[in-house]
>>> print(open('upload.txt').read())   # compact mmCIF, C-alpha atoms
# COMPACT_ATOMS: atom_id res chain seq x y z
CA GLY K 1 3.41 -25.61 -1.43
CA MET K 2 5.13 -26.94 1.67
CA PHE K 3 5.99 -24.46 4.39
CA VAL K 4 9.69 -24.41 5.25
CA SER K 5 10.85 -22.68 8.43
CA HIS K 6 14.03 -20.64 8.70
CA GLU K 7 15.26 -23.04 11.38
CA TRP K 8 14.88 -26.01 9.04
CA LEU K 9 16.74 -24.23 6.24
CA ALA K 10 19.53 -23.28 8.62
CA ALA K 11 19.86 -26.89 9.75
CA VAL K 12 20.01 -28.21 6.18
CA THR K 13 22.57 -25.55 5.21
CA ASP K 14 24.77 -26.47 8.15
CA LEU K 15 24.52 -30.18 7.31
CA ASN K 16 25.56 -29.46 3.75
CA ARG K 17 28.67 -27.72 5.04
CA LEU K 18 29.47 -30.59 7.38
CA TYR K 19 28.91 -33.61 5.19
CA THR K 20 29.86 -32.50 1.67
CA GLY K 21 33.44 -31.74 2.65
CA ASP K 22 33.06 -28.02 1.97
CA THR K 23 35.80 -26.67 4.24
CA ASN K 24 35.66 -23.12 2.83
CA ILE K 25 32.46 -22.55 4.82
CA PRO K 26 32.96 -24.74 7.90
CA GLY K 27 30.01 -25.91 9.95
CA THR K 28 29.84 -26.18 13.71
CA VAL K 29 28.87 -29.06 15.97
CA ASP K 30 27.18 -28.59 19.32
CA GLY K 31 27.87 -24.86 19.11
CA ARG K 32 31.50 -25.50 20.05
CA TYR K 33 33.42 -27.49 17.45
CA CYS K 34 34.21 -25.67 14.20
CA VAL K 35 34.83 -28.13 11.36
CA ARG K 36 38.02 -27.13 9.58
CA GLY K 37 38.77 -29.96 7.18
CA SER K 38 38.18 -33.50 5.98
CA THR K 39 40.18 -36.67 6.49
CA CYS K 40 40.43 -39.81 4.37
CA SER K 41 37.04 -40.85 5.79
CA GLU K 42 33.79 -39.01 5.15
CA TYR K 43 32.78 -39.81 8.73
CA VAL K 44 35.82 -38.18 10.35
CA LYS K 45 36.48 -34.43 10.40
CA PHE K 46 39.19 -32.19 11.74
CA ALA K 47 37.75 -29.52 14.00
CA PHE K 48 38.69 -26.69 16.36
CA ASP K 49 37.37 -26.65 19.91
CA THR K 50 36.45 -23.00 20.48
CA ASP K 51 35.94 -23.50 24.22
CA ASP K 52 39.36 -25.00 24.96
CA SER K 53 41.25 -23.55 21.96
CA ARG K 54 42.61 -26.84 20.66
CA ASN K 55 42.47 -28.99 17.55
CA VAL K 56 40.38 -32.14 17.79
CA VAL K 57 38.87 -34.84 15.59
CA LEU K 58 35.14 -35.50 15.25
CA LYS K 59 33.98 -39.00 14.36
CA PHE K 60 30.36 -39.29 13.21
CA PHE K 61 28.07 -42.33 13.43
CA GLU K 62 24.69 -43.04 11.86
CA ALA K 63 23.54 -45.39 14.62
CA ARG K 64 23.85 -45.46 18.39
CA GLU K 65 25.16 -49.03 18.62
CA PRO K 66 28.60 -48.55 16.94
CA TRP K 67 28.93 -45.15 18.66
CA GLU K 68 28.48 -46.76 22.07
CA LEU K 69 30.79 -49.67 21.20
CA GLU K 70 33.67 -47.41 20.18
CA ALA K 71 33.16 -45.19 23.22
CA ARG K 72 33.14 -48.24 25.50
CA VAL K 73 36.46 -49.46 24.11
CA LEU K 74 38.07 -46.02 24.39
CA VAL K 75 36.89 -45.62 27.98
CA GLY K 76 38.14 -49.11 28.85
CA LEU K 77 41.60 -48.32 27.49
CA SER K 78 41.76 -45.00 29.35
CA ARG K 79 40.85 -46.53 32.72
CA ILE K 80 44.17 -48.34 33.05
CA PHE K 81 45.80 -44.92 33.36
CA GLU K 82 43.17 -43.61 35.76
CA ARG K 83 44.06 -46.53 38.04
CA GLY K 84 47.70 -45.48 37.97
CA GLN K 85 48.93 -48.41 35.88
CA THR K 86 51.45 -46.34 33.94
CA HIS K 87 54.95 -45.01 34.39
CA SER K 88 57.33 -42.46 33.00
CA ASP K 89 59.44 -43.72 30.12
CA GLY K 90 61.52 -40.64 29.50
CA GLU K 91 59.44 -39.68 26.47
CA GLY K 92 56.83 -37.43 27.93
CA GLY K 93 55.83 -39.64 30.86
CA GLY K 94 52.94 -42.04 31.11
CA ASP K 95 50.73 -39.97 28.82
CA SER K 96 52.82 -41.11 25.85
CA LEU K 97 51.84 -44.68 26.64
CA HIS K 98 48.12 -44.34 25.93
CA ALA K 99 46.97 -47.19 23.71
CA ALA K 100 44.27 -45.19 21.89
CA PRO K 101 43.35 -41.55 21.24
CA ARG K 102 41.73 -40.00 24.28
CA LEU K 103 37.96 -39.63 24.18
CA LEU K 104 37.24 -36.00 25.01
CA GLU K 105 33.45 -35.91 24.70
CA ARG K 106 30.41 -37.87 23.50
CA ILE K 107 27.72 -35.90 21.68
CA ASP K 108 24.19 -37.15 20.98
CA LEU K 109 22.35 -34.95 18.47
CA SER K 110 19.49 -37.40 17.91
CA GLY K 111 15.92 -36.47 18.68
CA PRO K 112 12.48 -36.03 17.10
CA ARG K 113 13.42 -32.58 15.73
CA SER K 114 16.87 -33.57 14.54
CA PHE K 115 17.69 -33.30 10.82
CA THR K 116 21.19 -34.69 11.26
CA PRO K 117 21.89 -37.91 9.29
CA LEU K 118 24.91 -38.63 11.52
CA PRO K 119 23.65 -37.65 14.98
CA TYR K 120 26.20 -39.48 17.15
CA VAL K 121 29.62 -37.91 17.54
CA LEU K 122 32.82 -38.74 19.40
CA VAL K 123 35.32 -35.95 20.05
CA LEU K 124 38.89 -37.32 20.04
CA GLU K 125 42.36 -35.90 20.39
CA GLU K 126 44.05 -35.21 17.07
CA GLY K 127 46.83 -37.43 15.76
CA ASN K 128 49.01 -37.92 12.71
CA ARG K 129 48.70 -40.71 10.12
CA ALA K 130 52.44 -41.03 9.63
CA PRO K 131 54.17 -44.12 8.22
CA LEU K 132 54.98 -46.65 10.93
CA VAL K 133 58.66 -46.53 10.01
CA ALA K 134 60.81 -44.36 7.73
CA THR K 135 63.69 -45.50 5.54
CA GLN K 136 66.13 -43.48 7.62
CA ASP K 137 65.02 -45.05 10.93
CA SER K 138 67.64 -47.05 12.74
CA GLU K 139 67.10 -50.66 13.77
CA LEU K 140 66.60 -49.51 17.35
CA GLU K 141 63.93 -47.01 16.31
CA ARG K 142 62.10 -49.71 14.37
CA VAL K 143 62.17 -52.01 17.37
CA ALA K 144 60.72 -49.19 19.50
CA VAL K 145 57.82 -48.76 17.06
CA VAL K 146 57.12 -52.49 17.03
CA SER K 147 57.15 -52.51 20.82
CA ARG K 148 54.51 -49.76 20.92
CA LEU K 149 52.27 -51.51 18.39
CA LEU K 150 52.45 -54.73 20.38
CA ARG K 151 51.62 -52.84 23.55
CA CYS K 152 48.54 -51.19 22.01
CA VAL K 153 47.08 -54.54 20.98
CA ARG K 154 48.01 -56.24 24.25
CA LEU K 155 46.26 -53.54 26.26
CA LEU K 156 43.13 -53.89 24.12
CA HIS K 157 43.06 -57.62 24.85
CA GLU K 158 43.81 -57.23 28.55
CA ALA K 159 42.08 -54.01 29.59
CA VAL K 160 38.80 -53.92 27.66
CA GLU K 161 35.80 -56.10 28.48
CA LEU K 162 32.64 -56.12 26.39
CA GLU K 163 29.41 -56.64 28.31
CA ASP K 164 26.83 -55.87 25.64
CA ASP K 165 24.63 -58.90 24.93
CA LEU K 166 24.91 -58.16 21.22
CA TYR K 167 28.52 -59.34 21.27
CA ALA K 168 28.07 -62.12 23.82
CA PRO K 169 29.47 -65.53 22.85
CA THR K 170 27.15 -68.42 22.16
CA PRO K 171 26.98 -71.25 24.75
CA ARG K 172 29.13 -73.46 22.53
CA SER K 173 31.75 -70.73 22.28
CA VAL K 174 31.74 -70.24 26.04
CA GLU K 175 32.52 -73.93 26.55
CA ARG K 176 35.27 -73.76 23.98
CA ALA K 177 36.83 -70.72 25.64
CA ALA K 178 36.56 -72.21 29.11
CA ALA K 179 38.28 -75.37 27.94
CA SER K 180 41.23 -73.50 26.45
CA GLU K 181 44.39 -74.14 28.45
CA THR K 182 46.17 -71.20 26.83
CA ASP K 183 43.53 -68.64 27.81
CA GLU K 184 44.74 -67.02 31.02
CA ALA K 185 41.46 -65.18 31.47
CA ALA K 186 38.89 -67.84 30.60
CA GLY K 187 35.39 -66.52 31.08
CA ARG K 188 36.38 -62.86 30.66
CA SER K 189 34.80 -60.90 27.82
CA ILE K 190 38.04 -60.04 26.05
CA ALA K 191 37.91 -57.55 23.18
CA VAL K 192 39.47 -58.46 19.82
CA HIS K 193 40.00 -55.73 17.20
CA CYS K 194 39.58 -58.05 14.15
CA ASP K 195 40.76 -55.44 11.60
CA LEU K 196 44.34 -54.54 12.44
CA LYS K 197 46.32 -52.87 9.64
CA PRO K 198 48.89 -50.06 9.37
CA SER K 199 46.29 -47.34 8.82
CA HIS K 200 44.62 -48.26 12.11
CA PHE K 201 47.62 -47.00 14.07
CA LEU K 202 47.87 -43.26 14.67
CA ARG K 203 50.82 -41.27 15.97
CA VAL K 204 49.99 -38.76 18.68
CA GLY K 205 52.66 -36.35 19.87
CA ARG K 206 56.38 -36.86 19.39
CA HIS K 207 58.59 -39.91 19.67
CA TYR K 208 56.75 -43.24 19.30
CA GLY K 209 53.33 -42.41 20.71
CA TRP K 210 51.47 -44.82 18.45
CA ARG K 211 47.82 -45.48 19.28
CA LEU K 212 45.25 -47.93 18.01
CA ILE K 213 42.13 -46.47 16.34
CA ASP K 214 38.81 -47.44 14.72
CA PHE K 215 37.09 -49.93 17.02
CA GLY K 216 33.91 -50.55 15.04
CA SER K 217 35.21 -54.01 14.13
CA VAL K 218 35.80 -55.06 17.75
CA ARG K 219 34.11 -58.28 18.87
CA ARG K 220 34.20 -60.33 22.03
CA GLU K 221 36.59 -63.27 22.12
CA GLY K 222 34.60 -66.48 21.90
CA ALA K 223 31.74 -64.88 19.98
CA GLU K 224 30.50 -66.89 17.02
CA VAL K 225 29.90 -64.53 14.08
CA ARG K 226 28.78 -64.92 10.49
CA SER K 227 30.05 -61.54 9.32
CA LEU K 228 33.14 -59.63 10.32
CA GLU K 229 34.73 -56.37 9.27
CA TYR K 230 38.29 -57.07 8.12
CA THR K 231 40.92 -56.22 5.50
CA ARG K 232 41.82 -59.04 3.12
CA ALA K 233 45.55 -58.28 3.05
CA TYR K 234 45.77 -58.77 6.83
CA CYS K 235 43.06 -61.34 7.56
CA ALA K 236 43.93 -64.54 9.37
CA PRO K 237 43.56 -67.92 7.59
CA GLU K 238 40.54 -68.87 9.71
CA VAL K 239 38.78 -65.66 8.66
CA ALA K 240 39.37 -66.38 4.98
CA GLU K 241 38.30 -70.00 5.41
CA ALA K 242 35.08 -68.99 7.18
CA GLU K 243 34.20 -66.56 4.40
CA ALA K 244 34.94 -69.09 1.68
CA SER K 245 32.94 -71.88 3.33
CA GLY K 246 30.09 -69.74 4.64
CA ARG K 247 30.54 -71.24 8.11
CA PRO K 248 30.46 -69.11 11.28
CA LEU K 249 33.72 -67.95 12.77
CA VAL K 250 34.68 -68.10 16.45
CA VAL K 251 36.53 -64.89 17.30
CA THR K 252 39.91 -65.33 19.03
CA ARG K 253 42.92 -63.15 19.70
CA ALA K 254 44.76 -65.17 17.05
CA ILE K 255 43.02 -62.97 14.44
CA ASP K 256 44.84 -59.93 15.82
CA VAL K 257 48.12 -61.80 16.33
CA TRP K 258 48.19 -62.87 12.66
CA ALA K 259 47.46 -59.35 11.40
CA LEU K 260 50.03 -57.80 13.73
CA GLY K 261 52.63 -60.27 12.52
CA LEU K 262 52.02 -59.19 8.93
CA ILE K 263 52.25 -55.53 9.90
CA VAL K 264 55.55 -56.04 11.71
CA TYR K 265 56.93 -58.16 8.87
>>> encode(input="upload.txt", output="structure tokens")
Amino acid sequence: GMFVSHEWLAAVTDLNRLYTGDTNIPGTVDGRYCVRGSTCSEYVKFAFDTDDSRNVVLKFFEAREPWELEARVLVGLSRIFERGQTHSDGEGGGDSLHAAPRLLERIDLSGPRSFTPLPYVLVLEEGNRAPLVATQDSELERVAVVSRLLRCVRLLHEAVELEDDLYAPTPRSVERAAASETDEAAGRSIAVHCDLKPSHFLRVGRHYGWRLIDFGSVRREGAEVRSLEYTRAYCAPEVAEAEASGRPLVVTRAIDVWALGLIVY
């Protein structure tokens, strides 16, 4: 028979605890993060950081490419605060104005001796999937929520640049973008979310600290794509038309603007 080492059995047992949703016997990640529960996604787990004594969220990825993309977007959004482009708003200061959950750590568990099917992990601050508005909210409170959602998307468009060749626009798309009179940043590699919907906004902290999440669908504005991750109920007409006709789609910020309009409506 095949020889099985104790180390291999321990690794498989730990994986079973992590990826089957068995929260009665939580697993650990990187010897620090104790998994304490599941979310609505099998790739996202609630965890406890034993080093810093805080609750966090772990997001797992099968491949390096989407792991790096999401990390790049999160880092890009955080840099606007590192450069001091924030202010106190009377609701906890500038920290409440973050546009996305803060990226606390990147973990790479890949390697020739790794048995982990999801070896790439992002450690994020924990948030709350609360409804965007409640029936008892006043008109002013609803306007405040809408303002925060708009700000999250605007900062994604303005603060994040994608430089990976995988998401680079085709030459024809570059010409089209450069010729656009309405594009204030022609030639910049602007990030477009492409899959905005209510569940992709997370509340962190009190008040209206809404933050944009899940950036695996992000593409560069001007890129010509033949497949796109989106939600039918919030997809723009050009996305639906491209799918129906089988023609490629040129990514623009209008995709996000349409979806955000439906969310606000």
>>> closest_residue(input="upload.txt", among="K:Leu262, K:Leu140, K:Val160, K:Val146", to="Arg79 in chain K", atoms="all atoms listed in the file")
K:Val160
>>> atom_distance(input="upload.txt", atom1="CA of Leu122 in chain K", atom2="CA of Ser41 in chain K")
14.4 Å
>>> atom_distance(input="upload.txt", atom1="CA of Glu125 in chain K", atom2="CA of Ser110 in chain K")
23.1 Å
>>> closest_residue(input="upload.txt", among="K:Gly216, K:Gly246, K:Gly261, K:Pro66", to="Val153 in chain K", atoms="all atoms listed in the file")
K:Gly261
>>> atom_distance(input="upload.txt", atom1="CA of Val218 in chain K", atom2="CA of Cys152 in chain K")
14.0 Å
>>> closest_residue(input="upload.txt", among="K:Glu141, K:Glu161, K:Asp195, K:Asp49", to="Leu124 in chain K", atoms="only C-alpha atoms")
K:Asp49
>>> residues_around(input="upload.txt", residues="range 210-212 of chain K", least_positions_apart="5", cutoff="10 Å", atoms="only C-alpha atoms", output="compact mmCIF listing (two decimals) with C-alpha atoms, in the coordinates of the input")
# COMPACT_ATOMS: atom_id res chain seq x y z
CA LEU K 74 38.07 -46.02 24.39
CA SER K 96 52.82 -41.11 25.85
CA LEU K 97 51.84 -44.68 26.64
CA HIS K 98 48.12 -44.34 25.93
CA ALA K 99 46.97 -47.19 23.71
CA ALA K 100 44.27 -45.19 21.89
CA PRO K 101 43.35 -41.55 21.24
CA ARG K 102 41.73 -40.00 24.28
CA GLY K 127 46.83 -37.43 15.76
CA ASN K 128 49.01 -37.92 12.71
CA ARG K 129 48.70 -40.71 10.12
CA ALA K 130 52.44 -41.03 9.63
CA LEU K 132 54.98 -46.65 10.93
CA VAL K 145 57.82 -48.76 17.06
CA VAL K 146 57.12 -52.49 17.03
CA SER K 147 57.15 -52.51 20.82
CA ARG K 148 54.51 -49.76 20.92
CA LEU K 149 52.27 -51.51 18.39
CA ARG K 151 51.62 -52.84 23.55
CA CYS K 152 48.54 -51.19 22.01
CA VAL K 153 47.08 -54.54 20.98
CA LEU K 156 43.13 -53.89 24.12
CA HIS K 193 40.00 -55.73 17.20
CA LEU K 196 44.34 -54.54 12.44
CA LYS K 197 46.32 -52.87 9.64
CA PRO K 198 48.89 -50.06 9.37
CA SER K 199 46.29 -47.34 8.82
CA HIS K 200 44.62 -48.26 12.11
CA PHE K 201 47.62 -47.00 14.07
CA LEU K 202 47.87 -43.26 14.67
CA ARG K 203 50.82 -41.27 15.97
CA VAL K 204 49.99 -38.76 18.68
CA GLY K 205 52.66 -36.35 19.87
>>> closest_residue(input="upload.txt", among="K:Gly37, K:Ile263, K:Thr252, K:Gly76", to="Glu224 in chain K", atoms="only C-alpha atoms")
K:Thr252
>>> closest_residue(input="upload.txt", among="K:Ala259, K:Arg142, K:Val251, K:Leu69", to="Thr231 in chain K", atoms="only C-alpha atoms")
K:Ala259
>>> residues_around(input="upload.txt", residues="range 28-36 of chain K", least_positions_apart="5", cutoff="7 Å", atoms="all atoms listed in the file", output="PDB file with C-alpha atoms, keeping the file's coordinate frame")
ATOM      1  CA  THR K  23      35.800 -26.670   4.240  1.00  0.00           C
ATOM      2  CA  LYS K  45      36.480 -34.430  10.400  1.00  0.00           C
ATOM      3  CA  PHE K  46      39.190 -32.190  11.740  1.00  0.00           C
ATOM      4  CA  ALA K  47      37.750 -29.520  14.000  1.00  0.00           C
ATOM      5  CA  PHE K  48      38.690 -26.690  16.360  1.00  0.00           C
ATOM      6  CA  ASP K  49      37.370 -26.650  19.910  1.00  0.00           C
ATOM      7  CA  THR K  50      36.450 -23.000  20.480  1.00  0.00           C
ATOM      8  CA  ASP K  51      35.940 -23.500  24.220  1.00  0.00           C
TER       9      ASP K  51
END
>>> closest_residue(input="upload.txt", among="K:Leu150, K:Leu109, K:Ile255, K:Val264", to="Tyr230 in chain K", atoms="all atoms listed in the file")
K:Ile255
